[in-house]
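Undergrad: Have a look at the structure that comes next, please.
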Amino acid sequence: MTALMTRGRRGAILAGSLVIATALTLSGCSQAAPEADPTAAEDIELTFLNQSRGQEAALNQLAEQYTEQTGVKVTIDSPGPADYLPKLQARAQSGDMPDIYSSFAATDMAPFYKAGWAMDLTDELEGGWSEDFTSEVIEMSTFEDGNNLGIPAGVYSAHWETQTYGMMVNPALADMTVDDSPATMEDFIDANEGDGSFSIAASLTPQLIQGLASNWLTDEEIAATLNGDESWESEAWQKAFQFLVDLKEAGVIANGALPGGQDDNPTVETAFFTQTLGSIFDASPGVSVGFRTNPEFTEYFSIGILGAEDAPLDPRSPGIPGKGAVINPKGEHPQAALDFVKWLTEPEQQQVFAEVGLILPTNPELLASGQVPEQLVGYAAGVESLQVMSTTFSTDVRTAIVAEAQRLVLGETTVDDALAAIQAAQDRSS
């Protein structure tokens, strides 16, 4: 099954998930690609530390193929999503970084980029490599001067997936069908009232709230809030957070709480794909995770970001390039690592990711075909209107949103108090 989609607009450098608790103490500057290694290919061994369960099968297949074709041995190390960042941090602190590692949320990657563990790919992209990507994906991967994470200007990751956000629905456990799926927050609540079968990982609440807020805010207005130029305590953000309260009061949220902790989203995904939840909020890569978790379960569909009955704007998904790779410029064979990543992003290899892992590609030729698996249709539709901005949540703000969202659902705070706490976190970040 080919996982392809219609080409969309630009998106944000954004994702949600884990935050590194201990700051990296290593220092250095990111480097451009070095000259080719003089070492013979058969003597080169590369390690790719992989975060994603959903792409593991495709990545292993491609690594084996590359070894057969070139003689370069590539080992894929997949510790799992919960253990990925702690393992990467431990290796950075010990100075034993892998040759290649998965890109992740910008806030989580920032310490590694600033410590010099990421090759700046700008020159390579300007030299012709950019033809393997849409211009939107390259823009989403680019850090401009003065970005709010303090990352030096450059491009530090290459991607073979485009990612959007929305709902996954199992019609056997939720009162929703693909032909009559809810388009608004109000419709979603009405369709699921009292079911207690919807869940969202606490770590994904920043993406949910940002997507819902787009019903009332332009991309520029959302970016201004993230940059600290506009207040979190505005009516638009109040309406977005109120959705969590309305879900709780209508008995829609499973167990009346949002799962938290380091593995909260994998836990939610597993519950959905083992058919104990009727619907979840997730990113499009969840489809590839589900294919690996329970390949026999295919009777589900996806919905994009929900609209609102009083909204002046159409809802838009936060977007990021998705699965991809970062190259360690301090490794033994950085040029060989770069060559392997370039090969992974060629159309033929992106096709393998699409077919084996149900991954939405970034290559213009593949995107132009417009074909997607049924489970990805809702997510793919969101690519046409991705939010356009060049900023993301600060670490303090992301942490505050996650905590306040959990407290809201538990009835421990109000929307006004939650937004005041988030604004205070924004002020500390400014």
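By convention in this document, the chains of the structure tokens carry letters A, B, ... by their order, each chain's residues are numbered from 1, and ligands are numbered from 1 in the order they are shown.
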Considering only alpha helix (DSSP H) as DSSP defines it on the backbone, what residues of range 143-249 of chain A qualify? List them as an MDAnalysis selection string.
TA: chainID A and resid 185:192 205:213 219:226 235:249
Undergrad: Could you name the residues that touch Tyr84 in chain A at 9 Å or less, counting only C-alpha atoms, but leaving out those on the same chain fewer than 2 positions away, as a VMD selection string?
TA: chain A and resid 49 to 52 78 to 82 86 to 89 102
Undergrad: Quick check, in Å to one decimal: how far apart do CA of Leu204 in chain A and CA of Pro295 in chain A lie?
TA: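 According to the coordinates, CA of Leu204 in chain A and CA of Pro295 in chain A are separated by 24.1 Å.
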Undergrad: When distances are computed from only C-alpha atoms, which of A:Ala308, A:Ile189, A:Asp43, A:Gln426 shows the smallest separation from Trp232 in chain A?
TA: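 The closest residue to Trp232 in chain A is A:Gln426.
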Undergrad: Near Tyr300 in chain A, within 10 Å and counting only C-alpha atoms, which residues show up once chain neighbours fewer than 6 positions away are dropped, as a PyMOL selection string?
TA: chain A and resi 168-172+177-178+272-273+278-279+287+374-376
Undergrad: Using DSSP on the backbone coordinates, identify the residues of range 204-384 of chain A assigned to strand (DSSP E); present them as a VMD selection string.
TA: chain A and resid 279 to 283 301 to 303 324 to 327
Undergrad: Residues of the last selection are to be written out with C-alpha atoms, as a short mmCIF file (atom, residue, chain, number, x, y, z; two decimals), in the first residue's frame.
TA:
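For reference, part.cif as written:
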```cif
data_model
loop_
_atom_site.label_atom_id
_atom_site.label_comp_id
_atom_site.auth_asym_id
_atom_site.auth_seq_id
_atom_site.Cartn_x
_atom_site.Cartn_y
_atom_site.Cartn_z
CA SER A 279 -10.72 7.63 19.53
CA ILE A 280 -7.45 9.42 20.27
CA PHE A 281 -5.65 12.62 19.33
CA ASP A 282 -2.37 11.76 17.64
CA ALA A 283 0.06 12.70 14.89
CA PHE A 301 -10.06 6.38 10.02
CA SER A 302 -8.58 9.82 10.72
CA ILE A 303 -10.03 13.32 11.13
CA GLY A 324 14.20 12.15 9.46
CA ALA A 325 17.84 12.10 10.46
CA VAL A 326 20.52 14.24 12.08
CA ILE A 327 24.18 13.61 11.23
#
```
Undergrad: Just give me the gap between CA of Gly54 in chain A and CA of Leu358 in chain A in Å, one decimal is fine.
TA: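 CA of Leu358 in chain A lies at a distance of 8.3 Å from CA of Gly54 in chain A.
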Undergrad: Check the smallest atom-to-atom distance from each of A:Val352, A:Val137, A:Val402, A:Asn328 to Gly261 in chain A using only C-alpha atoms, then report the winner.
TA: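 The shortest atom-to-atom distance to Gly261 in chain A comes from A:Val402.
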Undergrad: Compare A:Ile138, A:Glu45, A:Glu296, A:Thr164 by their minimum atom-to-atom distance to Tyr66 in chain A, counting only C-alpha atoms, and give me the closest one.
TA: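 Under the stated criterion, the closest residue is A:Glu45.
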Undergrad: Between A:Glu412, A:Asp339, A:Asp246, A:Asp427, which has the minimum distance to Thr70 in chain A (counting only C-alpha atoms)?
TA: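 Smallest separation from Thr70 in chain A among the options: A:Asp339.
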Undergrad: Applying 12 Å and only C-alpha atoms, which residues near Ala424 in chain A remain after dropping the ones on its own chain fewer than 4 positions away? List them as a list of chain:residue names.
TA: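 The filter keeps A:Gly228, A:Ser231, A:Trp232, A:Glu233, A:Asp396, A:Val397, A:Thr399, A:Ala400, A:Ile401, A:Asp417, A:Ala418, A:Leu419, A:Ala420, A:Arg428, A:Ser429, A:Ser430.
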Undergrad: Between A:Asp264, A:Leu217, A:Glu161, A:Gln335, which is the closest to Pro364 in chain A once you count only C-alpha atoms?
TA: A:Glu161
Undergrad: Can you tell me, as a PDB file with C-alpha atoms, in the first residue's frame, what residues are no more than 12 Å from Thr67 in chain A when counting only C-alpha atoms, ignoring any on the same chain fewer than 2 positions away?
TA:
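Below is the file that was written, around02.pdb:
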```pdb
ATOM      1  CA  ALA A  41      33.652   1.478   2.068  1.00  0.00           C
ATOM      2  CA  GLU A  42      34.038  -2.042   3.409  1.00  0.00           C
ATOM      3  CA  ASP A  43      35.810  -0.682   6.475  1.00  0.00           C
ATOM      4  CA  ILE A  44      33.060   1.789   7.344  1.00  0.00           C
ATOM      5  CA  GLU A  45      30.484   1.012  10.018  1.00  0.00           C
ATOM      6  CA  LEU A  46      27.676   3.431  10.830  1.00  0.00           C
ATOM      7  CA  ASN A  60      16.135  -1.987   8.769  1.00  0.00           C
ATOM      8  CA  GLN A  61      15.231  -3.113   5.259  1.00  0.00           C
ATOM      9  CA  LEU A  62      16.875  -0.099   3.671  1.00  0.00           C
ATOM     10  CA  ALA A  63      20.001  -0.355   5.833  1.00  0.00           C
ATOM     11  CA  GLU A  64      20.471  -3.960   4.740  1.00  0.00           C
ATOM     12  CA  GLN A  65      19.974  -2.971   1.101  1.00  0.00           C
ATOM     13  CA  GLN A  69      25.002  -2.141  -2.496  1.00  0.00           C
ATOM     14  CA  THR A  70      27.904  -0.184  -1.016  1.00  0.00           C
ATOM     15  CA  GLY A  71      29.719  -2.371   1.518  1.00  0.00           C
ATOM     16  CA  VAL A  72      29.072   0.248   4.224  1.00  0.00           C
ATOM     17  CA  LYS A  73      27.714  -1.560   7.275  1.00  0.00           C
ATOM     18  CA  VAL A  74      24.754   0.256   8.813  1.00  0.00           C
ATOM     19  CA  THR A  75      23.384  -0.827  12.196  1.00  0.00           C
ATOM     20  CA  ILE A  76      19.953   0.424  13.286  1.00  0.00           C
ATOM     21  CA  ALA A 336      29.692   8.321   4.817  1.00  0.00           C
ATOM     22  CA  PHE A 340      23.626   7.294   3.570  1.00  0.00           C
ATOM     23  CA  TRP A 343      20.358   7.978  -0.216  1.00  0.00           C
TER      24      TRP A 343
END
```
Undergrad: Which polymer residues have any atom within 9 Å of an atom of Asp310 in chain A, counting only C-alpha atoms, with same-chain residues fewer than 2 positions away left out, as number ranges by chain?
TA: A: 215-216, 307-308, 312
Undergrad: Residues at most 8 Å from range 252-254 of chain A, counting only C-alpha atoms, excluding those fewer than 3 positions away in the same chain, as a PyMOL selection string?
TA: chain A and resi 189+192-199+247-249+257-258+277
Undergrad: For Lys342 in chain A, which residue among A:Gly150, A:Ser103, A:Gly95, A:Trp160 is the nearest when counting only C-alpha atoms?
TA: A:Trp160
